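Below is structure.txt, holding compact mmCIF, C-alpha atoms.
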```
# COMPACT_ATOMS: atom_id res chain seq x y z
CA MET A 148 68.75 113.81 122.49
CA ILE A 149 70.46 117.15 121.85
CA LYS A 150 71.69 117.21 125.38
CA ASN A 151 73.11 113.73 124.98
CA LYS A 152 74.86 114.70 121.75
CA LYS A 153 76.52 117.63 123.44
CA LEU A 154 77.45 115.48 126.39
CA LEU A 155 79.09 112.88 124.20
CA SER A 156 80.94 115.59 122.28
CA LEU A 157 82.23 117.00 125.50
CA ILE A 158 83.15 113.57 126.76
CA ILE A 159 85.14 112.90 123.63
CA ALA A 160 86.79 116.25 123.85
CA LEU A 161 87.78 115.66 127.43
CA CYS A 162 88.89 112.13 126.79
CA MET A 163 91.10 113.22 123.92
CA ILE A 164 92.60 116.01 125.94
CA PHE A 165 93.51 113.59 128.68
CA ILE A 166 94.59 110.80 126.41
CA LEU A 167 96.76 112.62 123.98
CA PRO A 168 99.50 113.99 126.20
CA ALA A 169 100.41 110.39 126.94
CA CYS A 170 100.33 109.42 123.30
CA GLU A 171 102.53 111.76 121.43
CA LEU A 172 104.23 109.75 118.79
CA ASP A 173 107.65 109.36 117.35
CA ILE A 174 107.32 109.46 113.60
CA GLU A 175 110.88 108.90 112.62
CA GLY A 176 109.57 106.24 110.27
CA GLU A 177 111.12 103.23 111.96
CA LYS A 178 108.94 100.26 112.67
CA LYS A 179 109.16 99.53 116.36
CA THR A 180 109.97 95.90 116.93
CA ASP A 181 109.71 95.82 120.70
CA LYS A 182 106.21 96.97 121.48
CA LYS A 183 106.74 96.78 125.25
CA THR A 184 109.40 99.44 125.05
CA SER A 185 107.65 101.64 122.55
CA SER A 186 107.22 104.42 125.03
CA VAL A 187 107.29 107.81 123.47
CA THR A 188 110.10 110.22 123.67
CA THR A 189 109.99 112.39 120.58
CA VAL A 190 107.24 114.75 119.65
CA THR A 191 107.33 115.62 116.00
CA SER A 192 103.76 115.05 114.98
CA SER A 193 100.54 116.92 115.45
CA VAL A 194 98.38 114.12 116.77
CA PRO A 195 94.86 115.55 116.70
CA LYS A 196 93.68 117.21 119.84
CA VAL A 197 89.96 117.42 119.95
CA THR A 198 88.11 120.03 121.89
CA SER A 199 84.57 121.23 122.09
CA GLU A 200 85.56 124.50 120.49
CA GLY A 201 86.48 125.31 116.92
CA PRO A 202 89.86 124.60 115.29
CA SER A 203 92.65 126.64 116.82
CA VAL A 204 96.37 126.54 117.49
CA ASP A 205 97.73 125.56 120.89
CA SER A 206 100.78 127.00 122.66
CA ASP A 207 103.05 124.47 120.96
CA GLY A 208 101.85 125.49 117.55
CA ASN A 209 99.83 122.34 116.96
CA ILE A 210 96.48 122.65 115.26
CA VAL A 211 93.65 121.76 117.62
CA TYR A 212 90.71 120.18 115.83
CA THR A 213 87.08 119.80 116.74
CA ILE A 214 84.54 117.07 116.74
CA ASN A 215 81.43 119.16 116.80
CA SER A 216 79.07 116.39 117.64
CA VAL A 217 78.83 112.66 117.64
CA PRO A 218 75.22 111.61 117.26
CA GLU A 219 73.89 109.19 119.77
CA PHE A 220 73.94 105.60 118.54
CA THR A 221 70.79 104.66 116.68
CA SER A 222 71.08 102.08 113.97
CA GLU A 223 74.29 102.69 112.06
CA PRO A 224 77.60 101.19 113.23
CA PHE A 225 79.61 104.32 112.46
CA VAL A 226 79.18 107.98 111.65
CA ALA A 227 81.37 110.31 109.57
CA ILE A 228 83.39 112.91 111.47
CA ASN A 229 84.69 116.17 110.02
CA ASN A 230 83.09 115.32 106.64
CA ASN A 231 85.22 112.19 106.47
CA VAL A 232 88.42 114.24 106.37
CA PRO A 233 91.02 112.80 108.76
CA TYR A 234 92.90 114.98 111.22
CA PHE A 235 96.33 114.18 109.78
CA THR A 236 98.60 117.03 108.83
CA ASP A 237 101.30 117.15 106.15
CA ALA A 238 103.91 116.31 108.77
CA ASP A 239 102.18 112.99 109.47
CA TYR A 240 102.44 111.57 105.98
CA MET A 241 105.17 109.10 105.15
CA THR A 242 105.78 106.40 102.61
CA LYS A 243 107.54 103.74 104.63
CA ALA A 244 106.40 101.15 107.10
CA TYR A 245 105.63 102.54 110.51
CA GLU A 246 103.69 101.40 113.57
CA SER A 247 103.22 102.91 117.00
CA TYR A 248 101.02 101.74 119.84
CA GLY A 249 100.55 104.30 122.60
CA ASP A 250 101.33 103.41 126.19
CA LEU A 251 98.45 102.24 128.35
CA ASP A 252 97.09 104.99 130.56
CA SER A 253 97.01 104.93 134.36
CA LEU A 254 93.89 102.75 134.30
CA GLY A 255 95.50 100.28 131.93
CA ARG A 256 93.49 101.44 128.93
CA CYS A 257 94.66 101.62 125.35
CA THR A 258 95.43 105.02 123.89
CA VAL A 259 96.31 106.07 120.33
CA THR A 260 97.56 103.68 117.65
CA LEU A 261 99.09 104.93 114.44
CA ALA A 262 100.51 103.15 111.40
CA CYS A 263 101.69 103.77 107.91
CA VAL A 264 100.17 100.64 106.45
CA CYS A 265 101.87 99.01 103.48
CA LYS A 266 102.62 95.52 102.26
CA GLU A 267 105.62 95.37 104.59
CA THR A 268 103.45 95.77 107.70
CA MET A 269 100.92 93.13 106.64
CA PRO A 270 100.90 89.57 108.01
CA THR A 271 102.67 86.71 106.35
CA GLU A 272 101.08 84.07 108.56
CA LYS A 273 97.75 83.38 110.22
CA ARG A 274 96.83 85.23 113.39
CA GLY A 275 98.02 83.70 116.65
CA ASN A 276 96.29 83.22 119.98
CA ILE A 277 95.36 86.45 121.78
CA SER A 278 93.22 85.00 124.57
CA GLN A 279 95.86 85.73 127.22
CA VAL A 280 95.17 89.45 126.91
CA LYS A 281 92.40 90.81 129.15
CA PRO A 282 91.66 94.38 128.04
CA THR A 283 90.11 96.74 130.56
CA GLY A 284 86.43 96.04 131.19
CA TRP A 285 86.74 92.52 129.85
CA GLN A 286 83.74 90.32 130.68
CA THR A 287 82.54 87.05 129.24
CA ALA A 288 78.92 87.53 128.21
CA LYS A 289 76.85 85.52 125.75
CA TYR A 290 73.63 86.37 123.92
CA ASP A 291 71.97 84.01 121.46
CA PHE A 292 71.28 86.75 118.93
CA VAL A 293 74.85 88.03 118.78
CA ASP A 294 76.92 86.68 115.91
CA GLY A 295 79.13 84.05 117.54
CA GLN A 296 77.10 84.55 120.75
CA TYR A 297 79.90 86.33 122.63
CA LEU A 298 79.14 89.99 123.25
CA TYR A 299 82.78 91.04 123.51
CA ASN A 300 85.76 90.46 121.29
CA ARG A 301 89.35 91.33 121.97
CA CYS A 302 89.11 94.04 119.41
CA HIS A 303 92.30 95.10 117.56
CA LEU A 304 92.57 98.85 117.23
CA ILE A 305 94.74 98.38 114.17
CA GLY A 306 93.45 95.19 112.62
CA TYR A 307 95.65 92.13 112.32
CA GLN A 308 95.38 92.14 108.54
CA LEU A 309 97.02 95.58 108.46
CA THR A 310 99.96 95.35 110.85
CA ALA A 311 100.09 91.70 111.96
CA GLU A 312 99.88 92.50 115.66
CA ASN A 313 98.87 89.52 117.76
CA ALA A 314 98.66 89.72 121.55
CA ASN A 315 99.74 93.34 121.85
CA LYS A 316 97.87 94.70 124.88
CA GLN A 317 98.43 98.24 123.59
CA ASN A 318 96.35 97.36 120.55
CA LEU A 319 93.44 95.37 122.04
CA ILE A 320 90.31 96.76 123.63
CA THR A 321 87.07 95.26 124.89
CA GLY A 322 84.83 95.73 121.88
CA THR A 323 81.41 94.43 121.01
CA ARG A 324 80.98 91.99 118.17
CA TYR A 325 79.03 94.74 116.43
CA LEU A 326 81.91 97.21 116.73
CA ASN A 327 84.39 94.64 115.55
CA VAL A 328 82.49 93.24 112.57
CA ASP A 329 80.15 96.03 111.46
CA GLY A 330 82.02 99.09 112.67
CA MET A 331 85.73 98.47 112.18
CA LEU A 332 86.25 95.49 109.89
CA PRO A 333 84.82 97.14 106.75
CA PHE A 334 87.42 99.93 106.98
CA GLU A 335 90.22 97.47 107.65
CA ASN A 336 89.14 95.46 104.60
CA MET A 337 89.04 98.57 102.46
CA VAL A 338 92.53 99.66 103.49
CA ALA A 339 94.03 96.18 103.23
CA ASP A 340 92.68 95.56 99.74
CA TYR A 341 93.68 99.01 98.54
CA VAL A 342 97.28 98.48 99.71
CA LYS A 343 97.45 95.00 98.18
CA GLU A 344 96.18 96.28 94.85
CA THR A 345 98.17 99.50 94.57
CA ASN A 346 101.26 98.86 96.72
CA ASN A 347 100.65 102.36 98.08
CA HIS A 348 100.81 103.49 101.74
CA VAL A 349 97.88 104.42 103.96
CA MET A 350 98.18 106.50 107.12
CA TYR A 351 95.89 104.83 109.61
CA ARG A 352 95.08 105.94 113.14
CA VAL A 353 92.63 104.47 115.62
CA THR A 354 91.86 106.22 118.91
CA PRO A 355 89.65 104.61 121.55
CA ILE A 356 87.31 107.07 123.25
CA PHE A 357 86.62 106.48 126.95
CA ASP A 358 84.08 108.34 129.05
CA GLY A 359 85.80 109.45 132.29
CA ASP A 360 87.23 106.46 134.12
CA ASN A 361 85.10 103.94 132.27
CA LEU A 362 86.94 100.74 131.48
CA VAL A 363 85.10 100.10 128.23
CA ALA A 364 85.45 102.55 125.34
CA ARG A 365 82.30 104.24 124.05
CA GLY A 366 83.68 103.98 120.55
CA VAL A 367 86.75 104.45 118.39
CA LEU A 368 87.82 107.25 116.08
CA MET A 369 89.18 105.76 112.85
CA GLU A 370 91.14 107.79 110.33
CA GLY A 371 92.64 106.67 107.04
CA TYR A 372 94.35 108.43 104.13
CA SER A 373 96.20 107.05 101.12
CA VAL A 374 99.47 108.91 100.76
CA GLU A 375 100.72 108.52 97.19
CA ASP A 376 97.44 109.57 95.58
CA ASN A 377 96.60 112.26 98.16
CA GLY A 378 93.53 110.48 99.49
CA GLU A 379 92.00 109.73 96.11
CA GLY A 380 91.89 106.04 96.95
CA VAL A 381 91.29 106.06 100.72
CA CYS A 382 90.05 108.94 102.80
CA PHE A 383 87.86 108.58 105.86
CA ASN A 384 87.32 109.82 109.38
CA VAL A 385 84.63 107.98 111.27
CA TYR A 386 83.50 107.28 114.79
CA ALA A 387 82.50 103.64 115.27
CA TYR A 388 80.16 102.89 118.15
CA ASN A 389 81.07 100.29 120.76
CA ASN A 390 77.43 99.27 121.04
CA GLN A 391 75.56 96.04 120.50
CA PRO A 392 71.94 96.28 119.35
CA GLY A 393 69.69 94.57 121.85
CA VAL A 394 72.17 94.80 124.72
CA VAL A 395 72.58 97.48 127.40
CA ILE A 396 76.21 97.97 128.40
CA ASP A 397 77.60 99.47 131.59
CA TYR A 398 80.72 101.10 130.15
CA ALA A 399 82.19 101.66 133.61
CA THR A 400 82.59 97.93 134.23
CA GLY A 401 81.74 96.10 131.01
CA LYS A 402 78.76 94.37 132.59
CA SER A 403 75.71 94.03 130.36
CA ARG A 404 72.10 92.96 130.20
CA LEU A 405 69.59 92.04 127.55
CA ALA A 406 67.75 95.11 126.37
CA GLY A 407 64.58 93.07 126.31
CA SER A 408 64.86 92.32 130.01
CA THR A 409 62.71 95.31 130.93
CA GLU A 410 59.03 94.83 131.60
CA THR A 411 58.09 96.88 128.54
CA SER A 412 60.00 94.68 126.15
CA SER A 413 58.36 91.53 127.52
CA GLU A 414 54.91 92.90 126.77
CA VAL A 415 52.98 91.37 123.87
CA ARG A 416 52.03 94.15 121.50
CA GLU A 417 52.02 95.25 117.88
CA TYR A 418 55.22 96.36 116.16
CA VAL A 419 56.21 97.24 112.60
CA VAL A 420 59.35 95.66 111.20
CA ASN A 421 61.36 96.66 108.17
CA THR A 422 62.15 93.37 106.46
CA ASN A 423 64.92 95.01 104.45
CA ASN A 424 67.09 96.56 107.16
CA LYS A 425 65.80 94.38 110.02
CA LYS A 426 64.75 97.32 112.22
CA ILE A 427 61.73 97.10 114.51
CA HIS A 428 59.53 100.11 115.36
CA LEU A 429 56.45 101.10 117.28
CA PRO A 430 53.53 101.57 114.86
CA ASP A 431 53.45 105.36 115.36
CA CYS A 432 57.19 105.87 114.76
CA ASP A 433 58.06 108.46 112.08
CA SER A 434 60.23 105.90 110.35
CA VAL A 435 57.19 103.73 109.65
CA SER A 436 55.49 106.37 107.52
CA SER A 437 58.57 106.72 105.32
CA MET A 438 59.10 102.97 105.00
CA LYS A 439 58.55 101.32 101.61
CA ASP A 440 55.36 99.22 101.64
CA SER A 441 57.27 96.29 100.22
CA ASN A 442 59.58 96.31 103.26
CA LYS A 443 56.89 96.97 105.86
CA LYS A 444 55.38 94.17 107.95
CA THR A 445 53.16 94.43 111.03
CA VAL A 446 53.87 91.81 113.68
CA THR A 447 52.57 90.99 117.15
CA GLY A 448 54.68 89.62 120.01
CA THR A 449 57.26 90.68 122.55
CA LEU A 450 60.18 92.91 121.69
CA GLU A 451 62.38 90.32 123.33
CA GLU A 452 61.41 87.63 120.85
CA PHE A 453 61.87 89.89 117.83
CA ILE A 454 65.33 90.90 119.04
CA ALA A 455 66.09 87.20 119.35
CA GLN A 456 65.00 86.84 115.71
CA GLY A 457 67.61 89.37 114.71
CA TYR A 458 65.59 92.59 114.60
CA ILE A 459 67.26 95.75 115.88
CA PRO A 460 65.17 98.14 118.01
CA CYS A 461 64.75 101.59 116.46
CA GLY A 462 66.99 104.11 118.18
CA ASN A 463 64.18 106.64 118.38
CA CYS A 464 60.86 105.00 119.22
CA LEU A 465 62.42 102.10 121.12
CA LYS A 466 65.32 104.03 122.58
CA GLY A 467 66.55 102.34 125.77
CA ALA A 468 64.46 99.27 125.14
CA MET B 269 72.02 97.95 77.19
CA THR B 270 74.21 95.93 79.51
CA ILE B 271 75.47 97.33 82.78
CA ALA B 272 78.34 96.07 84.92
CA VAL B 273 78.58 96.87 88.63
CA CYS B 274 80.92 95.89 91.47
CA ILE B 275 79.32 95.41 94.90
CA ASP B 276 80.28 94.21 98.37
CA ASP B 277 78.40 91.90 100.73
CA LYS B 278 75.98 94.72 101.63
CA ASN B 279 75.31 95.78 98.04
CA GLY B 280 77.61 98.75 98.58
CA MET B 281 79.31 100.47 95.63
CA MET B 282 80.95 103.61 97.03
CA PHE B 283 82.01 105.24 100.28
CA ASN B 284 82.83 108.92 100.67
CA LYS B 285 82.74 109.42 96.88
CA ARG B 286 85.37 106.72 96.41
CA ARG B 287 85.05 103.24 95.00
CA GLN B 288 85.04 100.57 97.67
CA SER B 289 87.75 98.52 96.03
CA ARG B 290 89.54 97.82 92.76
CA ASP B 291 91.20 94.86 91.12
CA SER B 292 93.11 94.79 87.86
CA GLU B 293 92.19 91.15 87.24
CA LEU B 294 88.51 92.05 87.49
CA ILE B 295 88.96 94.73 84.84
CA ARG B 296 90.80 92.30 82.60
CA ASP B 297 88.00 89.75 83.07
CA PHE B 298 85.38 92.35 82.24
CA VAL B 299 87.09 93.53 79.06
CA GLU B 300 87.55 89.93 77.96
CA LEU B 301 83.91 89.15 78.64
CA CYS B 302 82.81 92.10 76.54
CA GLY B 303 84.60 90.76 73.48
CA ASP B 304 84.18 93.25 70.67
CA GLY B 305 81.25 95.00 72.38
CA LYS B 306 81.41 98.75 72.88
CA ILE B 307 82.37 99.59 76.48
CA LEU B 308 81.21 102.90 77.92
CA ILE B 309 82.61 104.38 81.11
CA SER B 310 82.54 107.72 82.90
CA SER B 311 85.68 109.76 83.54
CA PHE B 312 85.55 108.55 87.14
CA SER B 313 86.45 105.04 85.93
CA GLU B 314 89.11 106.06 83.43
CA LYS B 315 92.13 105.16 85.58
CA LEU B 316 90.85 101.62 86.06
CA PHE B 317 90.99 101.08 82.33
CA ALA B 318 94.42 102.64 81.75
CA ASP B 319 95.64 99.40 80.17
CA PHE B 320 92.60 99.20 77.91
CA GLN B 321 92.23 102.75 76.64
CA ASP B 322 91.60 101.58 73.11
CA ARG B 323 88.67 99.46 74.29
CA VAL B 324 86.65 102.06 76.17
CA THR B 325 84.69 105.17 75.35
CA VAL B 326 84.72 107.81 78.08
CA ASP B 327 81.53 109.80 78.36
CA ASP B 328 80.10 111.24 81.56
CA SER B 329 76.57 110.93 80.21
CA PHE B 330 77.18 107.41 79.04
CA LEU B 331 74.00 105.95 80.49
CA ASP B 332 71.84 108.50 78.70
CA GLY B 333 73.44 107.82 75.35
CA ALA B 334 73.98 104.06 75.57
CA GLU B 335 72.58 101.99 72.71
CA GLU B 336 71.01 98.57 73.08
CA ASP B 337 74.23 96.61 72.48
CA ASP B 338 76.48 98.89 74.52
CA ILE B 339 78.05 97.79 77.80
CA CYS B 340 78.25 100.36 80.59
CA PHE B 341 80.67 99.94 83.50
CA VAL B 342 78.94 101.79 86.32
CA GLU B 343 80.61 102.88 89.57
CA ASN B 344 78.96 106.02 90.87
CA ALA B 345 75.57 106.31 89.20
CA ASP B 346 72.09 105.11 90.03
CA VAL B 347 70.94 102.90 87.19
CA THR B 348 67.34 102.63 88.39
CA PRO B 349 66.06 105.40 86.04
CA PHE B 350 67.37 103.32 83.09
CA ALA B 351 65.70 100.08 84.21
CA GLU B 352 63.53 99.68 81.12
CA ARG B 353 66.57 99.82 78.83
CA ILE B 354 68.72 97.42 80.82
CA ASN B 355 68.51 93.94 79.36
CA LYS B 356 71.58 92.42 80.97
CA ILE B 357 73.48 92.94 84.22
CA ILE B 358 77.02 91.82 84.96
CA LEU B 359 77.45 91.81 88.71
CA TYR B 360 80.88 91.48 90.26
CA ARG B 361 80.81 90.56 93.94
CA TRP B 362 83.89 91.36 96.00
CA ASN B 363 82.81 88.83 98.64
CA ARG B 364 84.03 91.33 101.22
CA HIS B 365 82.38 93.81 103.56
CA TYR B 366 83.43 97.40 102.98
CA PRO B 367 81.92 100.64 104.25
CA SER B 368 79.32 102.09 101.90
CA ASP B 369 77.10 105.12 101.59
CA PHE B 370 76.07 104.51 97.99
CA LYS B 371 74.47 101.18 97.20
CA PHE B 372 73.23 99.11 94.30
CA THR B 373 69.48 99.17 94.87
CA PHE B 374 68.39 97.88 91.47
CA ASP B 375 65.58 95.34 91.60
CA LEU B 376 66.83 92.10 90.04
CA SER B 377 63.52 90.27 90.40
CA GLY B 378 62.73 90.61 86.68
CA TYR B 379 66.06 89.09 85.68
CA THR B 380 67.32 85.52 85.53
CA LEU B 381 70.75 84.48 86.73
CA THR B 382 72.32 82.75 83.74
CA GLU B 383 75.94 82.49 84.80
CA SER B 384 78.02 82.51 87.97
CA LYS B 385 81.77 82.19 88.05
CA ASP B 386 84.34 82.56 90.84
CA PHE B 387 87.87 83.69 90.14
CA GLU B 388 90.90 84.97 92.01
CA GLY B 389 91.62 88.66 91.60
CA SER B 390 94.95 90.42 91.68
CA SER B 391 94.29 91.50 95.27
CA HIS B 392 91.06 89.67 96.18
CA GLU B 393 90.92 86.03 97.12
CA ASN B 394 87.61 85.30 95.48
CA ILE B 395 85.53 87.48 93.20
CA THR B 396 82.20 86.23 91.89
CA ARG B 397 80.93 87.25 88.47
CA GLU B 398 77.20 86.85 87.94
CA VAL B 399 75.27 87.54 84.76
CA TYR B 400 71.56 88.35 84.86
CA VAL B 401 69.39 88.54 81.75
CA LYS B 402 65.92 90.05 81.41
```

Rendering of file as structure tokens:
Amino acid sequence: MIKNKKLLSLIIALCMIFILPACELDIEGEKKTDKKTSSVTTVTSSVPKVTSEGPSVDSDGNIVYTINSVPEFTSEPFVAINNNVPYFTDADYMTKAYESYGDLDSLGRCTVTLACVCKETMPTEKRGNISQVKPTGWQTAKYDFVDGQYLYNRCHLIGYQLTAENANKQNLITGTRYLNVDGMLPFENMVADYVKETNNHVMYRVTPIFDGDNLVARGVLMEGYSVEDNGEGVCFNVYAYNNQPGVVIDYATGKSRLAGSTETSSEVREYVVNTNNKKIHLPDCDSVSSMKDSNKKTVTGTLEEFIAQGYIPCGNCLKGA
Amino acid sequence: MTIAVCIDDKNGMMFNKRRQSRDSELIRDFVELCGDGKILISSFSEKLFADFQDRVTVDDSFLDGAEEDDICFVENADVTPFAERINKIILYRWNRHYPSDFKFTFDLSGYTLTESKDFEGSSHENITREVYVK
């Protein structure tokens, strides 16, 4: 577990180091209208550079930040990073509409997206068709227990409700339904409703994190900060996992398999389920002893069938199941 | 006492020490619903009631001091310890999913839903107001 945490931290650090040089952003404050030609020429912003070491200053004078550790995915769709304080600096903040979508990298993968979200950037019409875009690692896979059945969505880095981007390939990744709906959408909703209510601006950056040459991102770093009230309304920095409970994903290719397809998960045995949060555990799991009696229920059957009923395997006792 | 709480689809109230959402029409609806009743809020909620300063009493220990007929607008406090004194709950549902790390965990099983009303907010398509009575 600890080893895996360190590995993921290092992966993220390395990914960011490789990604960011291609994603330095022009922040002149003009909304780019031609996304295909939004290649970057001006470097005026300190886009966060994440390393495995502590905060420091690089040779260009930019502050280099740290993600100390990203816990391995267990049962929560996202985890706070840097105590929920985003990596923006004073130079990043602006109070006019702005959008930038980083160029695809050499493998065709999305890089950094940044926006100053305000009413002006928000959609005035319903979202259009985006099915012509095939993000890296795209596969069509269906599982009965996944909401909508399809494992993958064309997942907007900056959600449509914030900047009205339709089929922009620099803003769409292969993301699980879980990432899209449970990981990212809540933050998009929060930002969108805050802007609608206050007419303020929110700096919003989403960075996909790839492991090596993998075609599917392991997760996304999401940062948000409300400008006019200095973060009093919106302030977050989270890593959302590109996982899907009950499914094992090969992030190199996007291929997947049912977690319950192993011999162990087809075995009929006793489990304990939490009827409140829909988690399933082995009877001797530590989580069982701390579970409220009113939420605890002992069941017998195969893990496969309980996953199909909507239960999520515990990330500790049923890790890898 | 009566308490009023705003929650999302996952019973969330707050994330990162910030309210999940806000809506001026919801506040107006709440003040109107309270009629002449005494409204108690904490300093955290003061900005929400900027247009109704003469209608609210700001007190950070408002739940401790609330009388039977008082109405407490609660954003960042756990009301469970006051369960025995709560005879009415006004629940505003955003009908949205926001991130949350502080939730409304109050057990409503001893209360009866007596009213449910949907209305359009100033920035929310559909807010539901529910009233539960002990």

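The neighbours of Lys443 of chain A here are the residues that come within 8 Å of it, using all atoms listed in the file and leaving out any residue fewer than 5 positions away in the same chain; they are Val419, Val420, Asn421, Thr422, Val435 and Met438 of chain A.
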
I need the chain A residues near chain B as an mmCIF file with C-alpha atoms, in the frame of the given file; criterion: at most 9 Å, counting all atoms listed in the file.
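The result, stored in result_15.cif:
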```cif
data_model
loop_
_atom_site.group_PDB
_atom_site.id
_atom_site.type_symbol
_atom_site.label_atom_id
_atom_site.label_comp_id
_atom_site.auth_asym_id
_atom_site.auth_seq_id
_atom_site.Cartn_x
_atom_site.Cartn_y
_atom_site.Cartn_z
ATOM 1 C CA ASN A 230 83.090 115.320 106.640
ATOM 2 C CA ASN A 231 85.220 112.190 106.470
ATOM 3 C CA ASP A 329 80.150 96.030 111.460
ATOM 4 C CA GLY A 330 82.020 99.090 112.670
ATOM 5 C CA LEU A 332 86.250 95.490 109.890
ATOM 6 C CA PRO A 333 84.820 97.140 106.750
ATOM 7 C CA PHE A 334 87.420 99.930 106.980
ATOM 8 C CA GLU A 335 90.220 97.470 107.650
ATOM 9 C CA ASN A 336 89.140 95.460 104.600
ATOM 10 C CA MET A 337 89.040 98.570 102.460
ATOM 11 C CA VAL A 338 92.530 99.660 103.490
ATOM 12 C CA ASP A 340 92.680 95.560 99.740
ATOM 13 C CA TYR A 341 93.680 99.010 98.540
ATOM 14 C CA VAL A 342 97.280 98.480 99.710
ATOM 15 C CA LYS A 343 97.450 95.000 98.180
ATOM 16 C CA GLU A 344 96.180 96.280 94.850
ATOM 17 C CA THR A 345 98.170 99.500 94.570
ATOM 18 C CA GLU A 379 92.000 109.730 96.110
ATOM 19 C CA GLY A 380 91.890 106.040 96.950
ATOM 20 C CA VAL A 381 91.290 106.060 100.720
ATOM 21 C CA CYS A 382 90.050 108.940 102.800
ATOM 22 C CA PHE A 383 87.860 108.580 105.860
#
```

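Take atom CA of Lys425 of chain A and atom CA of Pro460 of chain A: the distance between them is 8.9 Å.
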
- Task: Within 8 Å of Glu417 of chain A, counting only C-alpha atoms, which residues show up once you throw out same-chain ones fewer than 4 positions away? Write them as number ranges by chain, please.
- Result: A: 429-430, 445-448

- Here atom CA of Asp358 of chain A and atom CA of Ala314 of chain A stand apart by 24.8 Å
